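Below is one structure; the comments refer to it alone.
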Amino acid sequence: MPGMKKVLCLAILPILICLLASTPRAADAQGVSGESMKKLVKLGGRGSIHRSKDLDAMDQAALKDLFHRHEKLLLEVLQDALGDADAAQAAFDELQRAIDAPGAAGATIEEMDFPTGGSLEWMGYRNRSHRGSAVRNVLWDGPAPFKAWKVSPAKGSAYSFVIPKICLNLASYENPTCDIELSAEQAGPGEPITVRVSGSPGGGGNRIASNSVEFWGESGTKSTIAIGPDGGGQVNAPKAAGKYTFQSTSATDLGQLAMCRTELFVKPVCALEVHGSPVEAPGKVNLSLSGNFPASSALKVTGKDASGGSLESFSLAPGGNRDVELPHGGEYVFTAAGDSGSGNVSCRATATATHHPAVCSIVVDPTSVIAGQSVKVDVSGMDAAGGNSFGEIKVTATGNNTGVEACALSFAGSSLSGSQNCELPKVDDYTFVATAQVDNGDNLSCTASATAVCRGGTLPRWTLRGFGAGIAPQGSRFDETRTTVEGVVERTQFWAGGGSGLGASIERRFTCTGGLELGVLFGQIDGRVMFDSGNLWETDEDSFGFLPITLGWNFHLTPNKKADFFLGPVVALVKYGSADFNVLGRNLGGSLDDDFAFGARLGLDVFIGDSPWAFHAGLLYLNTSSDFDNGTGELDVDPLIGLAGFAYNF
């Protein structure tokens with residue numbers, strides 16, 4: 001076992017030396033670098049830079065004397081701890097200035113009891129070669145705190161130093177940092193604000209022991225916020241407008257402090273209130289202004305009526321009020337705006353003035369007549385209540401759809417009661433409007449309505465029809481006879497047979513008795529040919545397309561009756577298809593040319609009860625024929641088309 005003992009001694013010897021002859025325990029704590037903490041339980045051993053027997057005699061003068069006596073060892077400690085000669089020299093110079101002239105440039109020296117459980121980033125000691133060295137991540141685990149000097153160099157230094165009085169073994173830890181954040185940079189008065197404090201407790205396993213936050217405004221009165229374990233808290237923003245300073249102070253378990261600040265701007269707000277509204281015009285209301293800014297910051301108050309006219313403006317401070325006269329009826333808008341001393345602010349309020357308006361009544365009788373007849377217009381109840389008066393009342397009647405002005409009537413007198421007739425010239429819905437200018441500036445108006453209809457009922461504006469069709473050509477046959485050079489007589493006959501199809505049309509009614517109808521029919525017609533040559537003859541049949549697009553004017557003989565008869569002329573573009581006739585080895589067919597045709601229409605719509613639906617039946621005749629494009633001959637069609645289906649009126 002001698003070999004094992006030798007290895008163990010070699011392993012713990014540096015720790016024994018650097019921890020000043022202390023007894024090391026298991027390293028069960030972690031330093032800031034992730035290394036194990038070296039637990040120190042005793043000071044003042046062989047590794048001491050200087051052994052002090054009378055700790056009470058260790059005053060600042062003794063510290064200064066011992067520092068200069070051991071300058072070389074202390075500089076070597078810093079070089080080993082920081083690993084850089086220039087950084088070590090700069091730290092030594094800061095430390096020396098603080099010890100030689102405490103209080104200069106913010107440096108401080110104070111006595112402290114370093115607590116059990118406190119950690120250090122590094123601690124110096126005198127090694128076996130009697131040079132200064134440093135061991136990192138030291139945890140004081142002694143039975144009681146040890147007395148020491150805490151030296152804080154000039155403000156902004158990265159380190160604070162701890163010098164145990166018993167051994168002068170220089171130690172250090174990084175200064176803590178602090179950061180304070182608010183949930184908003186601006187807030188309204190009384191709005192909740194979340195305060196969060198964060199930062200670093202410094203090096204060497206140092207810990208933040210407590211946080212505190214206080215804030216104050218321009219008045220200087222301070223308030224404190226409770227900060228939770230996670231470094232967060234909440235406070236309501238102050239009510240007074242302006243800038244507020246929030247300051248956080250974080251204290252470490254070694255007694256170090258870190259402070260940080262931020263600002264909150266509380267926005268100025270104002271409230272303008274109206275008292276006594278509505279008021280009878282002319283009358284007064286009272287305006288009052290409140291706000292979270294000083295009373296010395298008066299705002300300019302302006303008022304406008306419903307037409308945009310301005311009232312006299314004036315100044316009003318928070319807490320102040322003023323009576324304002326509303327000269328006539330309507331709604332008024334008041335605005336207070338200006339510089340509050342903490343930024344621009346504005347607020348609005350409305351007031352209402354009432355009055356006795358003139359009363360208007362217009363009656364039209366009857367409310368429905370046949371177009372061209374007259375209605376009686378009664379104007380009554382227009383009075384001068386409340387002192388208002390007027391000299392003329394005008395009545396106009398205008399068609400809602402046609403825009404036709406039916407009449408323009410005039411009634412005179414301030415206490416009017418009378419009637420006049422008005423003719424409604426066209427089928428339409430008419431609106432009657434009576435207007436008058438009252439002497440207080442009000443515009444008086446009232447309305448009534450009446451309708452002019454076709455004889456027998458209200459005119460349907462549109463009619464949509466869908467139908468099936470039976471096509472019966474009325475044209476004659478085409479006959480052609482010729483003799484060949486061989487003396488053979490050849491005879492050709494063409495004629496059109498029956499057909500069928502489907503179609504639709506839409507009619508726009510312009511008057512009670514007239515409307516324009518556009519329609520289309522998709523049909524097929526049978527064609528036939530017979531050809532004989534000498535003693536031989538043969539016949540063939542084929543169908544061809546028949547598509548007439550029609551446009552016609554309908555004269556309605558019984559408009560808006562249950563059975564609506566109508567007739568009228570028609571023009572059509574007829575598009576034909578093609579037909580192939582193969583007889584005796586010859587093709588006598590081909591494509592048929594399109595044709596422009598004239599014709600006539602006869603129709604009947606029978607309404608189904610009171611609904612807009614109707615049964616539809618009709619006849620359509622077109623005078624049309626077509627030529628084969630190969631010059632074979634002309635096909636005379638002249639169809640008479642029977643229609644049957646349904647109609648929808650809207």
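By order in the structure tokens, chains are A, B, ...; within a chain, residues start at 1; ligands start at 1, following the order shown.
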
Give me, as a ChimeraX atom specification, all polymer residues having an atom no more than 8 Å from range 442-452 of chain A, counting only C-alpha atoms and skipping those fewer than 3 positions away in the same chain.
/A:357-364,366-372,424-439

Pull C-alpha atoms from the residues just selected and write them as a JSON list (two decimals), in the first residue's frame.
[["chain", "number", "residue", "atom", "x", "y", "z"],
["A", 357, "PRO", "CA", -90.23, 71.52, -35.49],
["A", 358, "ALA", "CA", -93.02, 72.27, -37.90],
["A", 359, "VAL", "CA", -95.27, 69.24, -38.53],
["A", 360, "CYS", "CA", -95.85, 67.92, -42.03],
["A", 361, "SER", "CA", -98.56, 65.55, -43.34],
["A", 362, "ILE", "CA", -99.26, 64.54, -46.95],
["A", 363, "VAL", "CA", -101.92, 62.05, -48.10],
["A", 364, "VAL", "CA", -102.43, 60.70, -51.66],
["A", 366, "PRO", "CA", -106.23, 56.72, -54.16],
["A", 367, "THR", "CA", -102.85, 55.03, -53.88],
["A", 368, "SER", "CA", -103.29, 53.04, -57.12],
["A", 369, "VAL", "CA", -104.73, 54.28, -60.46],
["A", 370, "ILE", "CA", -104.55, 53.36, -64.13],
["A", 371, "ALA", "CA", -101.74, 55.20, -65.92],
["A", 372, "GLY", "CA", -103.02, 58.56, -67.25],
["A", 424, "LEU", "CA", -99.65, 59.93, -63.13],
["A", 425, "PRO", "CA", -98.74, 59.61, -66.82],
["A", 426, "LYS", "CA", -96.90, 56.26, -66.99],
["A", 427, "VAL", "CA", -96.90, 52.89, -65.32],
["A", 428, "ASP", "CA", -94.58, 53.30, -62.31],
["A", 429, "ASP", "CA", -94.31, 53.70, -58.54],
["A", 430, "TYR", "CA", -94.38, 57.41, -57.64],
["A", 431, "THR", "CA", -92.99, 59.16, -54.56],
["A", 432, "PHE", "CA", -94.60, 62.42, -53.42],
["A", 433, "VAL", "CA", -92.33, 64.77, -51.44],
["A", 434, "ALA", "CA", -93.53, 67.90, -49.64],
["A", 435, "THR", "CA", -90.82, 70.39, -48.57],
["A", 436, "ALA", "CA", -90.71, 73.78, -46.87],
["A", 437, "GLN", "CA", -88.06, 76.13, -45.50],
["A", 438, "VAL", "CA", -88.82, 77.13, -41.88],
["A", 439, "ASP", "CA", -87.63, 80.49, -40.59]]

If we count only C-alpha atoms, what is near range 217-220 of chain A at a cut-off of 10 Å, once residues fewer than 4 positions away on the same chain are taken out, given as a list in words?
Pro238, Ala240, Ala241, Gly242, Lys243, Tyr244, Thr245, Phe246, Glu263, Leu264 and Phe265 of chain A

Go through A:Leu170, A:Val235, A:Ala496, A:Met259 and flag the residue nearest Val197 in chain A, using only C-alpha atoms for the distances.
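Of A:Leu170, A:Val235, A:Ala496, A:Met259, the one nearest Val197 in chain A is A:Met259, counting only C-alpha atoms.
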
Find the residue from A:Asn535, A:Thr550, A:Ser543, A:Gln474 that sits nearest to Val488 in chain A; use only C-alpha atoms when measuring.
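Smallest separation from Val488 in chain A among the options: A:Asn535.
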